[in-house]
>>> print(open('my_file11.txt').read())   # compact mmCIF, C-alpha atoms
# COMPACT_ATOMS: atom_id res chain seq x y z
CA MET A 1 -24.83 -20.38 14.00
CA ASN A 2 -22.98 -19.48 17.17
CA ARG A 3 -21.76 -16.08 15.98
CA ARG A 4 -19.64 -15.56 19.10
CA ALA A 5 -17.70 -18.75 18.30
CA PHE A 6 -17.46 -17.86 14.62
CA PHE A 7 -16.19 -14.33 15.38
CA PRO A 8 -13.94 -14.95 18.41
CA LEU A 9 -12.92 -11.31 18.97
CA ARG A 10 -16.47 -9.97 18.72
CA ASP A 11 -16.93 -8.90 22.35
CA ARG A 12 -13.33 -8.65 23.52
CA PRO A 13 -12.58 -5.04 24.61
CA VAL A 14 -8.79 -5.22 24.01
CA ARG A 15 -7.04 -7.25 21.32
CA ILE A 16 -3.39 -7.60 20.34
CA LEU A 17 -2.68 -8.45 16.71
CA VAL A 18 0.29 -8.60 14.36
CA GLY A 19 -0.01 -6.97 10.95
CA LEU A 20 2.25 -8.06 8.06
CA MET A 21 2.79 -6.24 4.77
CA SER A 22 5.16 -6.47 1.82
CA GLY A 23 4.47 -4.01 -0.95
CA THR A 24 5.11 -3.56 -4.64
CA SER A 25 8.59 -2.16 -3.97
CA VAL A 26 9.61 -5.64 -2.69
CA ASP A 27 12.06 -4.20 -0.18
CA GLY A 28 11.04 -6.48 2.69
CA ILE A 29 8.38 -7.49 5.19
CA ASP A 30 6.90 -4.87 7.53
CA ALA A 31 5.61 -6.32 10.79
CA ALA A 32 3.70 -4.44 13.49
CA VAL A 33 2.36 -5.49 16.89
CA VAL A 34 -0.77 -3.46 17.56
CA ARG A 35 -3.00 -3.12 20.64
CA ILE A 36 -6.57 -2.45 19.50
CA GLN A 37 -9.33 -1.22 21.77
CA GLY A 38 -13.02 -0.44 21.27
CA GLN A 39 -15.82 -1.68 19.04
CA ASP A 40 -17.60 -0.63 15.86
CA GLU A 41 -16.20 2.70 14.63
CA ALA A 42 -14.91 3.77 18.07
CA VAL A 43 -11.62 1.91 17.68
CA SER A 44 -8.14 3.03 18.68
CA ALA A 45 -4.80 1.42 17.85
CA GLN A 46 -1.44 1.62 19.65
CA LEU A 47 1.76 0.48 17.93
CA LEU A 48 3.71 -1.68 20.39
CA ALA A 49 6.56 -2.75 18.12
CA PHE A 50 7.62 -2.54 14.48
CA SER A 51 10.29 -4.24 12.41
CA ASN A 52 11.28 -4.53 8.78
CA THR A 53 12.91 -7.70 7.49
CA PRO A 54 14.62 -7.09 4.11
CA PHE A 55 14.26 -9.77 1.47
CA GLU A 56 17.46 -11.55 0.52
CA GLU A 57 18.49 -10.65 -3.02
CA THR A 58 17.80 -14.14 -4.36
CA MET A 59 14.24 -14.04 -3.01
CA ARG A 60 13.74 -10.53 -4.35
CA ARG A 61 14.79 -11.64 -7.85
CA ARG A 62 12.39 -14.59 -7.72
CA ILE A 63 9.51 -12.33 -6.66
CA PHE A 64 10.27 -10.06 -9.61
CA GLN A 65 10.17 -13.14 -11.87
CA ALA A 66 6.68 -13.78 -10.52
CA PHE A 67 5.61 -10.33 -11.75
CA GLN A 68 6.32 -11.26 -15.38
CA PRO A 69 3.88 -13.54 -17.26
CA GLN A 70 6.74 -15.02 -19.29
CA THR A 71 8.62 -16.19 -16.16
CA ALA A 72 5.79 -16.68 -13.63
CA THR A 73 5.52 -20.46 -13.89
CA VAL A 74 3.09 -22.50 -11.80
CA SER A 75 6.07 -24.06 -10.04
CA LEU A 76 7.55 -20.66 -9.16
CA LEU A 77 4.25 -19.27 -7.86
CA GLY A 78 3.51 -22.39 -5.82
CA ARG A 79 6.93 -22.48 -4.20
CA LEU A 80 6.93 -18.76 -3.45
CA HIS A 81 3.48 -19.04 -1.87
CA MET A 82 4.80 -21.52 0.70
CA GLU A 83 8.26 -19.94 1.14
CA LEU A 84 6.84 -16.47 1.71
CA GLY A 85 4.48 -17.97 4.28
CA GLU A 86 7.56 -19.17 6.16
CA LEU A 87 9.20 -15.73 5.93
CA TYR A 88 6.06 -13.92 7.10
CA ALA A 89 5.74 -16.33 10.03
CA GLN A 90 9.34 -15.65 11.08
CA ALA A 91 8.79 -11.88 10.75
CA ALA A 92 5.73 -12.19 13.00
CA LEU A 93 7.62 -14.16 15.64
CA ASN A 94 10.51 -11.68 15.54
CA VAL A 95 8.33 -8.61 16.06
CA ILE A 96 6.41 -10.37 18.85
CA ARG A 97 9.71 -10.92 20.66
CA LYS A 98 10.65 -7.30 20.01
CA ALA A 99 7.41 -6.24 21.73
CA GLY A 100 8.38 -8.33 24.77
CA LEU A 101 5.43 -10.66 24.22
CA THR A 102 4.91 -14.35 23.50
CA PRO A 103 2.79 -15.87 20.69
CA SER A 104 0.21 -17.00 23.26
CA GLU A 105 -0.48 -13.31 24.02
CA ILE A 106 -1.33 -12.50 20.38
CA ASP A 107 -4.95 -12.87 19.28
CA ALA A 108 -4.32 -13.07 15.53
CA VAL A 109 -2.05 -12.23 12.61
CA GLY A 110 -3.26 -10.23 9.60
CA SER A 111 -1.10 -10.78 6.51
CA HIS A 112 -1.65 -8.92 3.26
CA GLY A 113 0.82 -11.10 1.36
CA GLN A 114 2.90 -10.18 -1.68
CA THR A 115 0.86 -9.00 -4.64
CA VAL A 116 2.27 -10.37 -7.89
CA TRP A 117 -0.69 -9.55 -10.16
CA HIS A 118 -3.79 -7.41 -9.78
CA GLU A 119 -6.29 -7.23 -12.64
CA PRO A 120 -9.60 -5.91 -11.26
CA ASN A 121 -10.95 -5.04 -14.71
CA GLY A 122 -10.18 -8.42 -16.26
CA SER A 123 -12.79 -10.89 -17.47
CA PRO A 124 -13.08 -12.34 -14.93
CA PRO A 125 -11.31 -9.98 -12.50
CA PHE A 126 -8.60 -11.57 -10.38
CA THR A 127 -5.81 -10.79 -7.97
CA ILE A 128 -2.90 -12.87 -6.69
CA GLN A 129 -1.21 -12.40 -3.30
CA LEU A 130 1.43 -14.93 -2.25
CA GLY A 131 2.29 -16.04 1.30
CA ASP A 132 0.17 -18.93 2.60
CA GLY A 133 -1.80 -18.02 5.73
CA ASN A 134 -1.91 -21.69 6.73
CA VAL A 135 1.88 -21.75 6.98
CA ILE A 136 1.83 -18.57 9.10
CA ALA A 137 -0.76 -20.05 11.45
CA GLN A 138 1.07 -23.36 11.82
CA ARG A 139 4.51 -21.85 12.41
CA THR A 140 3.35 -19.19 14.87
CA GLY A 141 0.55 -21.09 16.60
CA ILE A 142 -1.66 -18.02 16.02
CA PRO A 143 -4.82 -17.73 13.87
CA CYS A 144 -4.02 -15.88 10.64
CA VAL A 145 -6.26 -13.80 8.41
CA SER A 146 -4.91 -13.50 4.85
CA ASP A 147 -6.00 -13.08 1.22
CA PHE A 148 -8.09 -9.97 1.87
CA ARG A 149 -8.74 -8.74 -1.66
CA PRO A 150 -10.84 -11.48 -3.35
CA ALA A 151 -13.94 -10.93 -1.18
CA ASP A 152 -14.25 -7.38 -2.47
CA LEU A 153 -13.61 -8.51 -6.06
CA ALA A 154 -16.39 -11.09 -5.67
CA ALA A 155 -18.72 -8.28 -4.53
CA GLY A 156 -17.99 -6.34 -7.72
CA GLY A 157 -15.23 -4.09 -6.38
CA GLN A 158 -11.66 -3.35 -7.39
CA GLY A 159 -10.25 -5.32 -4.45
CA ALA A 160 -8.19 -2.22 -3.65
CA PRO A 161 -7.35 0.00 -1.98
CA LEU A 162 -8.15 -1.62 1.38
CA VAL A 163 -6.17 0.59 3.77
CA PRO A 164 -8.76 3.45 3.71
CA PHE A 165 -11.00 1.66 6.23
CA SER A 166 -8.20 1.77 8.81
CA GLU A 167 -7.53 5.40 7.89
CA PHE A 168 -11.19 6.21 8.50
CA LEU A 169 -10.96 4.60 11.94
CA LEU A 170 -7.75 6.38 12.96
CA TYR A 171 -7.57 9.74 11.13
CA ARG A 172 -11.06 11.12 10.55
CA SER A 173 -11.89 14.52 12.04
CA ALA A 174 -15.19 16.19 12.83
CA GLU A 175 -13.85 19.65 11.93
CA GLU A 176 -11.32 19.15 9.15
CA SER A 177 -11.11 17.40 5.78
CA VAL A 178 -7.93 15.35 5.53
CA LEU A 179 -6.10 13.67 2.65
CA LEU A 180 -3.88 10.66 3.28
CA GLN A 181 -1.36 9.86 0.56
CA ASN A 182 0.61 6.66 0.81
CA ILE A 183 3.67 6.50 -1.44
CA GLY A 184 4.82 2.92 -1.68
CA GLY A 185 5.51 1.24 -4.98
CA ILE A 186 2.11 2.59 -6.00
CA GLY A 187 0.57 5.84 -4.72
CA ASN A 188 -2.80 5.65 -2.92
CA LEU A 189 -4.97 8.63 -1.98
CA THR A 190 -7.67 8.54 0.69
CA VAL A 191 -10.12 11.43 1.15
CA LEU A 192 -11.73 11.89 4.59
CA PRO A 193 -14.25 14.74 4.44
CA ALA A 194 -14.88 16.56 7.72
CA GLY A 195 -17.37 14.66 9.86
CA CYS A 196 -17.46 11.79 7.38
CA LYS A 197 -19.26 8.47 7.66
CA THR A 198 -17.88 5.34 5.99
CA THR A 199 -20.08 6.02 2.96
CA ASP A 200 -18.47 9.46 2.51
CA VAL A 201 -14.89 8.16 2.26
CA PHE A 202 -13.36 7.64 -1.15
CA ALA A 203 -9.93 6.52 -2.23
CA PHE A 204 -8.03 5.25 -5.25
CA ASP A 205 -4.58 4.55 -6.59
CA THR A 206 -3.02 7.71 -8.03
CA GLY A 207 -0.44 5.81 -10.13
CA PRO A 208 3.24 5.06 -9.61
CA GLY A 209 4.73 5.98 -6.25
CA ASN A 210 8.32 4.76 -5.91
CA MET A 211 8.00 1.99 -8.49
CA VAL A 212 9.21 3.89 -11.55
CA ILE A 213 11.91 5.77 -9.64
CA ASP A 214 13.22 2.50 -8.20
CA GLY A 215 13.14 0.76 -11.57
CA LEU A 216 15.06 3.54 -13.29
CA MET A 217 17.61 3.76 -10.46
CA THR A 218 18.21 0.02 -10.86
CA ARG A 219 18.73 0.46 -14.61
CA LEU A 220 20.90 3.53 -14.15
CA THR A 221 23.27 1.87 -11.67
CA ASN A 222 23.23 -1.65 -13.12
CA GLY A 223 21.56 -2.89 -9.95
CA ARG A 224 23.92 -1.26 -7.45
CA CYS A 225 21.18 1.06 -6.18
CA THR A 226 17.50 0.15 -6.19
CA MET A 227 16.19 3.48 -4.87
CA ASP A 228 16.99 7.19 -4.77
CA GLN A 229 17.82 7.50 -1.08
CA GLY A 230 16.29 10.71 0.25
CA GLY A 231 15.82 11.98 -3.31
CA SER A 232 19.50 12.96 -3.53
CA ILE A 233 19.92 12.01 -7.21
CA ALA A 234 16.71 13.74 -8.29
CA ALA A 235 17.83 16.86 -6.43
CA GLN A 236 20.85 17.09 -8.77
CA GLY A 237 18.76 16.91 -11.95
CA LYS A 238 16.35 18.98 -13.97
CA VAL A 239 12.88 17.80 -14.90
CA CYS A 240 12.45 17.14 -18.63
CA LYS A 241 9.14 18.82 -19.48
CA VAL A 242 8.81 17.05 -22.82
CA LEU A 243 9.09 13.60 -21.26
CA LEU A 244 6.97 14.48 -18.22
CA ASP A 245 4.15 15.84 -20.39
CA GLU A 246 4.21 12.67 -22.48
CA LEU A 247 4.14 10.41 -19.41
CA MET A 248 1.22 12.32 -17.92
CA ARG A 249 -0.85 11.45 -21.01
CA HIS A 250 -1.06 7.84 -19.81
CA PRO A 251 -4.80 6.99 -19.78
CA TYR A 252 -4.73 5.78 -16.18
CA PHE A 253 -4.28 9.30 -14.84
CA ALA A 254 -7.46 10.54 -16.54
CA ALA A 255 -9.56 7.47 -15.64
CA LEU A 256 -12.30 8.14 -13.10
CA PRO A 257 -12.22 6.47 -9.67
CA PRO A 258 -12.80 3.87 -8.36
CA LYS A 259 -9.57 2.58 -9.84
CA SER A 260 -6.51 0.63 -8.77
CA THR A 261 -3.28 -0.39 -10.43
CA GLY A 262 0.07 -2.09 -9.93
CA ARG A 263 3.08 -3.58 -11.68
CA GLU A 264 0.96 -4.96 -14.51
CA MET A 265 0.58 -1.34 -15.68
CA PHE A 266 3.58 0.56 -14.28
CA GLY A 267 6.14 -2.20 -13.91
CA ALA A 268 9.16 -3.39 -15.92
CA ASP A 269 7.71 -2.78 -19.40
CA TYR A 270 6.72 0.77 -18.48
CA VAL A 271 10.16 1.46 -16.98
CA ASP A 272 11.86 0.05 -20.09
CA ALA A 273 9.79 2.36 -22.30
CA ILE A 274 10.77 5.41 -20.23
CA TRP A 275 14.41 4.35 -20.35
CA GLU A 276 14.30 4.16 -24.15
CA LYS A 277 12.68 7.59 -24.40
CA SER A 278 15.31 9.07 -22.08
CA GLN A 279 18.10 7.67 -24.26
CA LYS A 280 16.62 9.34 -27.34
CA LEU A 281 16.34 12.62 -25.41
CA ALA A 282 19.95 12.21 -24.17
CA LEU A 283 18.92 12.81 -20.56
CA THR A 284 21.50 12.60 -17.81
CA GLY A 285 20.87 10.17 -14.97
CA PRO A 286 19.88 12.88 -12.49
CA ASP A 287 17.55 14.48 -15.08
CA LEU A 288 15.86 11.12 -15.66
CA ILE A 289 15.35 10.48 -11.94
CA ALA A 290 14.12 14.04 -11.40
CA THR A 291 11.57 13.53 -14.18
CA ALA A 292 10.40 10.20 -12.71
CA THR A 293 10.06 11.89 -9.32
CA ALA A 294 8.04 14.68 -10.91
CA LEU A 295 5.78 12.04 -12.49
CA THR A 296 4.85 10.79 -9.04
CA SER A 297 4.31 14.25 -7.57
CA ARG A 298 2.33 15.57 -10.55
CA SER A 299 0.10 12.51 -10.81
CA ILE A 300 -0.76 12.85 -7.11
CA ALA A 301 -1.46 16.58 -7.41
CA GLN A 302 -3.52 16.11 -10.57
CA ALA A 303 -5.59 13.47 -8.78
CA VAL A 304 -6.28 15.95 -5.97
CA ARG A 305 -7.25 18.72 -8.39
CA GLU A 306 -9.45 16.58 -10.64
CA PHE A 307 -11.02 13.99 -8.36
CA VAL A 308 -11.38 15.65 -4.94
CA PRO A 309 -14.60 17.72 -5.04
CA ALA A 310 -14.28 21.41 -4.29
CA TRP A 311 -16.71 21.15 -1.36
CA VAL A 312 -14.30 18.87 0.53
CA ARG A 313 -11.74 21.69 0.88
CA PRO A 314 -8.92 19.64 2.42
CA SER A 315 -6.47 21.62 4.52
CA ARG A 316 -3.68 19.06 4.80
CA MET A 317 -2.21 15.92 3.30
CA ILE A 318 -0.58 13.31 5.54
CA LEU A 319 2.16 11.37 3.75
CA GLY A 320 3.05 7.77 4.55
CA GLY A 321 5.10 5.01 2.98
CA GLY A 322 8.73 4.97 1.90
CA GLY A 323 8.23 7.86 -0.53
CA SER A 324 7.58 10.21 2.38
CA TYR A 325 11.33 10.04 3.15
CA ASN A 326 12.19 11.33 -0.34
CA LEU A 327 12.83 15.01 0.33
CA THR A 328 12.87 15.94 -3.37
CA LEU A 329 9.53 14.23 -3.94
CA ARG A 330 8.04 16.01 -0.96
CA SER A 331 9.36 19.35 -2.25
CA PHE A 332 7.93 18.73 -5.73
CA LEU A 333 4.58 17.71 -4.27
CA GLN A 334 4.32 20.70 -1.94
CA LYS A 335 4.98 23.01 -4.90
CA GLU A 336 2.32 21.23 -6.97
CA LEU A 337 -0.23 21.52 -4.15
CA SER A 338 0.53 25.09 -3.07
CA PRO A 339 -2.22 26.62 -5.26
CA CYS A 340 -4.70 24.35 -3.44
CA LYS A 341 -3.49 25.67 -0.05
CA ILE A 342 -2.87 22.16 1.20
CA ARG A 343 -0.01 21.71 3.64
CA ILE A 344 1.95 18.46 3.77
CA GLN A 345 2.68 16.55 6.96
CA THR A 346 4.41 13.23 7.52
CA GLN A 347 3.31 10.42 9.82
CA GLU A 348 6.38 11.18 11.96
CA GLU A 349 5.24 14.76 12.51
CA LEU A 350 2.07 13.29 14.03
CA GLY A 351 4.07 10.97 16.28
CA MET A 352 3.40 7.94 14.08
CA ASN A 353 5.47 5.73 11.78
CA SER A 354 5.36 5.97 7.97
CA ASP A 355 6.88 2.52 7.51
CA ALA A 356 4.44 0.84 9.91
CA LYS A 357 1.24 2.40 8.58
CA GLU A 358 0.15 -0.40 6.22
CA ALA A 359 1.17 -3.20 8.58
CA VAL A 360 -0.95 -1.53 11.26
CA ALA A 361 -3.79 -1.35 8.73
CA PHE A 362 -3.80 -5.11 8.16
CA ALA A 363 -3.80 -5.76 11.89
CA LEU A 364 -6.93 -3.60 12.05
CA LEU A 365 -8.50 -5.33 9.04
CA ALA A 366 -7.83 -8.77 10.56
CA ASP A 367 -9.40 -7.56 13.81
CA CYS A 368 -12.51 -6.55 11.83
CA THR A 369 -12.63 -9.97 10.16
CA LEU A 370 -12.51 -11.78 13.49
CA ARG A 371 -15.26 -9.51 14.87
CA GLY A 372 -17.46 -10.06 11.80
CA VAL A 373 -17.20 -6.40 10.76
CA PRO A 374 -17.22 -5.55 7.02
CA SER A 375 -14.08 -3.58 6.22
CA ALA A 376 -14.34 -3.19 2.45
CA MET A 377 -15.72 0.21 1.54
CA PRO A 378 -17.99 0.29 -1.55
CA SER A 379 -17.49 4.05 -1.86
CA VAL A 380 -13.77 3.29 -2.31
CA THR A 381 -13.68 0.06 -4.31
CA GLY A 382 -16.95 0.28 -6.25
CA ALA A 383 -18.28 -2.97 -4.77
CA LYS A 384 -22.01 -3.63 -4.60
CA LYS A 385 -21.83 -4.26 -0.85
CA ALA A 386 -19.37 -4.08 2.03
CA ALA A 387 -17.74 -7.48 2.52
CA VAL A 388 -16.04 -9.08 5.50
CA LEU A 389 -12.54 -9.53 4.10
CA GLY A 390 -9.99 -12.29 4.38
CA LYS A 391 -9.67 -16.02 4.90
CA ILE A 392 -9.02 -17.46 8.35
CA SER A 393 -6.35 -20.12 8.92
CA LEU A 394 -6.23 -21.86 12.28
CA PRO A 395 -3.07 -23.34 13.86
>>> encode(input="my_file11.txt", output="structure tokens")
Amino acid sequence: MNRRAFFPLRDRPVRILVGLMSGTSVDGIDAAVVRIQGQDEAVSAQLLAFSNTPFEETMRRRIFQAFQPQTATVSLLGRLHMELGELYAQAALNVIRKAGLTPSEIDAVGSHGQTVWHEPNGSPPFTIQLGDGNVIAQRTGIPCVSDFRPADLAAGGQGAPLVPFSEFLLYRSAEESVLLQNIGGIGNLTVLPAGCKTTDVFAFDTGPGNMVIDGLMTRLTNGRCTMDQGGSIAAQGKVCKVLLDELMRHPYFAALPPKSTGREMFGADYVDAIWEKSQKLALTGPDLIATATALTSRSIAQAVREFVPAWVRPSRMILGGGGSYNLTLRSFLQKELSPCKIRIQTQEELGMNSDAKEAVAFALLADCTLRGVPSAMPSVTGAKKAAVLGKISLP
């Protein structure tokens, strides 16, 4: 095999890639143009441009239909797979223009796709991400790496989380142990011990991030608001201890890592159950949203206390994702973590971009794929070996 031909970016010192991401919150497509330099673990990344393209409401409703087994028909999934490919391709072309570049100057696109179901503990395990990489490659004229998760599942892993490899490349420190908490629809925690190697990194999903808050806001406002902007509603309420204590007894929170989750566990049915409990407790809207916000903060803090070994002694947690803009959530989380003497920082405080973080990650993962570098981390996913992730579509 001509490995240089098979892995076209293997020896190239500088690469420019586009990363695409749409998460469980289904708010839109994040697109990042990233300049990547270096080889092996000595890699650096520079964000050249970022954009977010919101989903039209009709598309958003159809994606939510795809989350539900009773409405996720073969026809719906097949059509969405192709249509989302078109939308991702357009998002890639738009952000390339924003960067002042042309498609011919881009080495590859890395597209995570839209997860509609993730069941790593099924028999057999499976995961479904929509957004055809072939469509992206054909519309942009750029090679596309997509469908990252199945390779890790096939190797015996959870297929998630995948972002920790990029966090290891960009955030590890020789002197300091660092936690990275992403708060998207789902919360993900990555632990980077001081001076760590890839085998020392561990990460897992902490539980709901914005997903439950968003779902309850949608119910509370009859669809007028799909999120608690800045945490303003939660700030007006009081946390219901009875309900919070009951919610924290969910078995996922006590399960040992490696573990991952999604809408199949904390989606519409879970939100409906919380709504019913809140009605019986006669909670006000702000009290309900405050309690849902406390669920996210407490589940994150509990994960730190129970699953991060004492010897790691992290000094700070770097927040990313849309939840990092929720001031009430950040306040709750800082209070929960204060006994651990962990200070909270945002990506913006480090001169980075919370919204772009995961799109940048999939640019980095695609770069690894096209250099033949395994980017799944067995210490994170529980896989038997580190796999080269993704499927390559050529224009």
>>> closest_residue(input="my_file11.txt", among="A:Thr199, A:Gln138, A:Gln302, A:Gln114", to="A:Pro395", atoms="all atoms listed in the file")
A:Gln138
>>> residues_near_point(input="my_file11.txt", point="(16.7, -6.2, 0.6)", cutoff="9 Å", atoms="all atoms listed in the file", output="ChimeraX atom specification")
/A:26-28,53-57,59-60
>>> closest_residue(input="my_file11.txt", among="A:Leu192, A:Ile36, A:Ile318, A:Ile128", to="A:Gly262", atoms="only C-alpha atoms")
A:Ile128
>>> residues_around(input="my_file11.txt", residues="A:Thr291", least_positions_apart="3", cutoff="6 Å", atoms="all atoms listed in the file", output="number ranges by chain")
A: 239-240, 288, 294
>>> residues_near_point(input="my_file11.txt", point="(4.9, 11.6, -10.7)", cutoff="10 Å", atoms="all atoms listed in the file", output="PyMOL selection string")
chain A and resi 187+206-210+212-213+244+247-248+290-302+329+332-333
>>> residues_around(input="my_file11.txt", residues="A:Asp107", least_positions_apart="3", cutoff="9 Å", atoms="all atoms listed in the file", output="ChimeraX atom specification")
/A:9,15-18,103-104,142-143,367
>>> residues_around(input="my_file11.txt", residues="A:Phe168", least_positions_apart="2", cutoff="12 Å", atoms="all atoms listed in the file", output="PyMOL selection string")
chain A and resi 40-44+162-166+170-174+177-180+190-203+361+364-365+375-377+380
>>> closest_residue(input="my_file11.txt", among="A:Glu246, A:Glu349, A:Asp147, A:Asp152", to="A:Lys391", atoms="only C-alpha atoms")
A:Asp147
>>> closest_residue(input="my_file11.txt", among="A:Glu86, A:Leu130, A:Gln39, A:Lys259", to="A:Gly159", atoms="all atoms listed in the file")
A:Lys259
>>> atom_distance(input="my_file11.txt", atom1="atom CA of A:Ala255", atom2="atom CA of A:Ala386")
23.3 Å
>>> atom_distance(input="my_file11.txt", atom1="atom CA of A:His112", atom2="atom CA of A:Asn134")
13.2 Å
>>> closest_residue(input="my_file11.txt", among="A:Gly122, A:Pro374, A:Gly131, A:Gly110", to="A:Leu84", atoms="all atoms listed in the file")
A:Gly131
>>> decode(input="my_file11.txt", residues="stretch 148-215 of chain A", atoms="C-alpha atoms", output="compact mmCIF listing (two decimals), in the first residue's frame")
# COMPACT_ATOMS: atom_id res chain seq x y z
CA PHE A 148 -16.62 9.33 13.12
CA ARG A 149 -18.28 7.31 15.89
CA PRO A 150 -18.81 3.79 14.42
CA ALA A 151 -15.08 2.94 14.21
CA ASP A 152 -14.77 3.29 17.98
CA LEU A 153 -17.98 1.31 18.55
CA ALA A 154 -16.59 -1.47 16.35
CA ALA A 155 -13.45 -1.50 18.54
CA GLY A 156 -15.60 -2.06 21.64
CA GLY A 157 -15.89 1.57 22.76
CA GLN A 158 -18.76 3.91 23.53
CA GLY A 159 -18.23 5.88 20.32
CA ALA A 160 -18.18 8.99 22.51
CA PRO A 161 -16.97 11.38 23.63
CA LEU A 162 -14.58 12.09 20.76
CA VAL A 163 -13.63 15.72 21.44
CA PRO A 164 -11.14 14.82 24.24
CA PHE A 165 -8.41 13.94 21.73
CA SER A 166 -8.47 17.51 20.39
CA GLU A 167 -8.53 18.82 23.96
CA PHE A 168 -5.44 16.77 24.75
CA LEU A 169 -3.68 18.28 21.75
CA LEU A 170 -4.63 21.88 22.55
CA TYR A 171 -5.06 22.23 26.34
CA ARG A 172 -2.74 19.83 28.16
CA SER A 173 -0.20 21.31 30.58
CA ALA A 174 3.01 19.95 32.01
CA GLU A 175 2.48 21.70 35.36
CA GLU A 176 -1.28 21.81 35.93
CA SER A 177 -4.23 19.42 35.89
CA VAL A 178 -7.10 20.86 33.88
CA LEU A 179 -10.78 19.96 33.53
CA LEU A 180 -12.68 20.84 30.36
CA GLN A 181 -16.46 20.88 30.65
CA ASN A 182 -18.50 21.28 27.51
CA ILE A 183 -22.14 22.21 28.10
CA GLY A 184 -24.08 21.60 24.93
CA GLY A 185 -27.29 19.62 24.87
CA ILE A 186 -25.34 17.04 26.85
CA GLY A 187 -22.52 17.83 29.29
CA ASN A 188 -19.08 16.29 28.64
CA LEU A 189 -16.14 16.32 31.06
CA THR A 190 -12.52 15.80 30.02
CA VAL A 191 -9.75 15.32 32.60
CA LEU A 192 -6.19 16.25 31.61
CA PRO A 193 -3.80 15.36 34.45
CA ALA A 194 -0.61 17.42 34.62
CA GLY A 195 2.00 16.09 32.21
CA CYS A 196 -0.46 13.56 30.80
CA LYS A 197 0.01 11.17 27.91
CA THR A 198 -2.94 10.09 25.76
CA THR A 199 -3.37 7.01 27.94
CA ASP A 200 -3.80 9.21 31.04
CA VAL A 201 -6.72 11.23 29.66
CA PHE A 202 -10.24 10.23 30.60
CA ALA A 203 -13.59 11.74 29.77
CA PHE A 204 -17.29 10.96 29.83
CA ASP A 205 -20.72 12.50 29.50
CA THR A 206 -21.87 14.00 32.80
CA GLY A 207 -25.57 14.01 31.83
CA PRO A 208 -27.88 16.75 30.57
CA GLY A 209 -26.31 20.08 29.72
CA ASN A 210 -28.82 22.48 28.14
CA MET A 211 -31.16 19.76 26.89
CA VAL A 212 -33.55 19.62 29.84
CA ILE A 213 -33.50 23.38 30.39
CA ASP A 214 -34.30 23.95 26.71
CA GLY A 215 -37.06 21.35 26.71
